[in-house]
Amino acid sequence: MAVYNKVETREAPSNSKGMVYWLRANLFSTPLNSAMTILGIAFLFWVIPPFIKWSIIDANFAGSTRADCTGDGACWVFVRAKMDMFMYGFYPEVERWRIHLTYALFFVVIASFKYLKQAMPKIIIAIIYFIIAFILIRGGFFGLETIDTNKWGGLMLTIVVSSVGIVCSFPLGIILAFGRASKLPIIKSVSVTYIEFIRGVPLITILFMSSVILPLFFPEGVTFDKLLRALIGITLFQAAYIAEVIRGGLQSIPSGQYEAADAVGLSYWQKMLLVILPQALKVAIPNLVGSFIALFQDTTLVLIIGLFDLLAMVQVTGSDSHWLGFETEGYVFVTLIFWVFCYSMSVYSKSLEKRFNTNLK
Amino acid sequence: MDNKNDVIEIKNLNKWYGDFHVLKDINLNVKKGEIIVVAGPSGSGKSTLIRCINYLEQFQEGQIVVNDVELTDDVKKIKAIREDVAMVFQHFNLFPHLSIVDNLTLAPIWVKNTPKKEAINTAMEFLERVGIADQAKKYPNQLSGGQQQRVAIARSLCKNPSIMLFDEPTSALDPEMISEVLDVMIELAQEKRTMVCVTHEMGFAKKVADRVIFMEAGQIIEENTPEEFFENPQSDRLKLFLSQILSH
């Protein structure tokens, strides 16, 4: 028999923390890892300096015509000269304040969400915002000149297509996921058929179908806006993927949650919307945002049905006879914009995960 | 037989999982205010039986009448019964995305249309009673198992049920937390609320039960007052069961 004294807590030894420890544990833990680290650093040295030299040191920034491109590096004058095309496409210059106002209102809406706790007012505000945005950008009401959708283009078109795609496919995806998880055989089989059909077809095919084949079924004389057809195609396509992502979340919810919701007397929709969906969405956030980022990039495919999004604008501006041969600058610029948007979504997703984390904080 | 005071009537209940006959000819009547403890080895159908009472499980044959409402697959009847029958689960099943107080107010607000303020006041009263009012703003995963189960009991009390079902409420708890939950249950039992408890806590059964029921292999084998049940078991199977659980 033995009795021991209480041991006081001590600080961890210094060789288990700090910079040197971190380097050794993460970069040089084994000979293979050390070799990979050195190779990686060498690769960065090989790639980054030439790129900086091309894009900054030898580059031209000032000026307004091709004659100002005197250096060996990039000529950002091209991007500056064509900036309006990249941002707004063929949208008339005097009406661009309408786009700026729509962007500004977006931030107002986001700010208002900070002060609204419940979901319902947020949804109503979001719907009102989309109606106002539509009226502002397209016009035709309140004396605003109608700007035909074939004049829309550049970043503004990319944002329109992806935001409408995200906002419309999300509720549709939720309903499809509920349908697939339903016990009612008809609802279940309709959902499964839809999801599996859409997932078996590339987005390009759906865009072609909506733009070329669909009009064949309309009576002569009925025209149906090209952009609208693309939006419908993208929404229907994305909804199937969202549905599968949410289904993954639904399957992670233990059956006890369903039973507890039943036992306290909630109806089916109350159970699904108040108990199951919030938990399922929380689990699905990383994959949902992944899907939305993929959608944002997939919007570039609208080029093939004759819509000029941000990426397509590189081709349009690059074929200007005064500015031949500057596609590289255009692509680098567009890449940067895509990266900023996608990375923002990624950061936002991380903050959402943190906000909804109710485990031991 | 006088059925006037019977709040639960189960007649010839039979249930199958596929081909497996899990409940066999169950007949059980529970009077208002009665405390029933259901005991038996695992897999004997105890949990399934009480889960039939609030229709978490469907059954193929027989009849269950709760507060004069017969259980069918009619959604309205199921809803009516669930509003009056509360259940406490083995794994608590609190809603992890809602704070403790929101867990308690969810059903009153959405099912019974109670104004939010009133629902919160009621919730705080019950949290006070189970001794965790100070944790109201926390989330379930921040609480210990015993605290979570007490929250679950408070949640089930919020709709002021006339019948409470307990499905092995202490089986998932660490030993030092069992008594805090049993204390709450004993207090409830003393209020003479109708309770049907599936549990292995024989001390609890001896202390508060009006009747103890022994089930094995989907059947009710024996039913008696706690004194007779423990002192004078009739069937060999119950004798064996008691010797197994009381030998340590």
# chains A, B, ... in the order shown; residues from 1 in each chain; ligands from 1
>>> residues_around(residues="Ile53 of chain B", least_positions_apart="4", cutoff="8 Å", atoms="only C-alpha atoms", output="PyMOL selection string")
chain B and resi 49+64+66
>>> interface_residues(of="chain A", to="chain B", cutoff="7 Å", atoms="only C-alpha atoms", output="tab-separated table (two decimals) with C-alpha atoms, in the first residue's frame")
chain	number	residue	atom	x	y	z
A	256	GLY	CA	-32.29	10.15	-31.86
A	257	GLN	CA	-32.69	13.70	-33.13
A	259	GLU	CA	-37.14	10.73	-32.40
A	260	ALA	CA	-36.70	13.57	-29.93
A	263	ALA	CA	-41.53	13.01	-29.16
A	264	VAL	CA	-41.79	16.71	-28.28
A	265	GLY	CA	-44.64	16.93	-30.80
A	266	LEU	CA	-43.11	18.79	-33.75
A	275	VAL	CA	-34.08	20.51	-35.77
A	279	GLN	CA	-27.59	20.58	-37.96
A	358	THR	CA	-21.67	24.64	-30.53
A	359	ASN	CA	-19.26	21.99	-29.29
A	360	LEU	CA	-17.41	22.89	-26.11
>>> residues_around(residues="Val181 of chain B", least_positions_apart="4", cutoff="10 Å", atoms="only C-alpha atoms", output="JSON, numbers by chain")
{"B": [130, 145, 146, 147, 148, 149, 150, 151, 153, 169, 170, 173, 177, 185, 186]}
>>> write_last_selection(atoms="C-alpha atoms", output="mmCIF file, in the first residue's frame")
data_model
loop_
_atom_site.group_PDB
_atom_site.id
_atom_site.type_symbol
_atom_site.label_atom_id
_atom_site.label_comp_id
_atom_site.auth_asym_id
_atom_site.auth_seq_id
_atom_site.Cartn_x
_atom_site.Cartn_y
_atom_site.Cartn_z
ATOM 1 C CA VAL B 130 -33.758 20.137 -11.946
ATOM 2 C CA GLY B 145 -24.118 13.602 -19.104
ATOM 3 C CA GLY B 146 -26.053 13.873 -15.861
ATOM 4 C CA GLN B 147 -26.761 17.549 -16.467
ATOM 5 C CA GLN B 148 -27.852 16.824 -20.045
ATOM 6 C CA GLN B 149 -30.278 14.191 -18.861
ATOM 7 C CA ARG B 150 -31.727 16.578 -16.296
ATOM 8 C CA VAL B 151 -32.160 19.130 -19.083
ATOM 9 C CA ILE B 153 -36.261 15.783 -18.233
ATOM 10 C CA PRO B 169 -32.558 7.237 -18.606
ATOM 11 C CA THR B 170 -29.473 6.356 -16.598
ATOM 12 C CA LEU B 173 -24.388 7.829 -17.529
ATOM 13 C CA MET B 177 -24.051 10.977 -12.290
ATOM 14 C CA MET B 185 -37.096 11.190 -11.146
ATOM 15 C CA ILE B 186 -37.979 10.314 -7.564
#
>>> residues_around(residues="Phe214 of chain B", least_positions_apart="3", cutoff="9 Å", atoms="only C-alpha atoms", output="list of chain:residue names")
B:Val37, B:Val38, B:Ala39, B:Gly40, B:Pro41, B:Lys46, B:Gln219, B:Ile220, B:Ile221, B:Glu222, B:Glu223, B:Asn224, B:Phe229, B:Leu238
>>> closest_residue(among="B:Asp210, B:Ile36, B:Gln234, B:Phe59", to="His21 of chain B", atoms="only C-alpha atoms")
B:Phe59
>>> residues_around(residues="segment 73-89 of chain A", least_positions_apart="2", cutoff="9 Å", atoms="only C-alpha atoms", output="PyMOL selection string")
chain A and resi 53-66+68-71+91-93+96+99+151-157+308-311+313-314+316-317+323+326+328-330+333-334
>>> residues_around(residues="segment 292-294 of chain A", least_positions_apart="4", cutoff="7 Å", atoms="only C-alpha atoms", output="NGL selection string")
:A and (166 or 288 or 298 or 342)
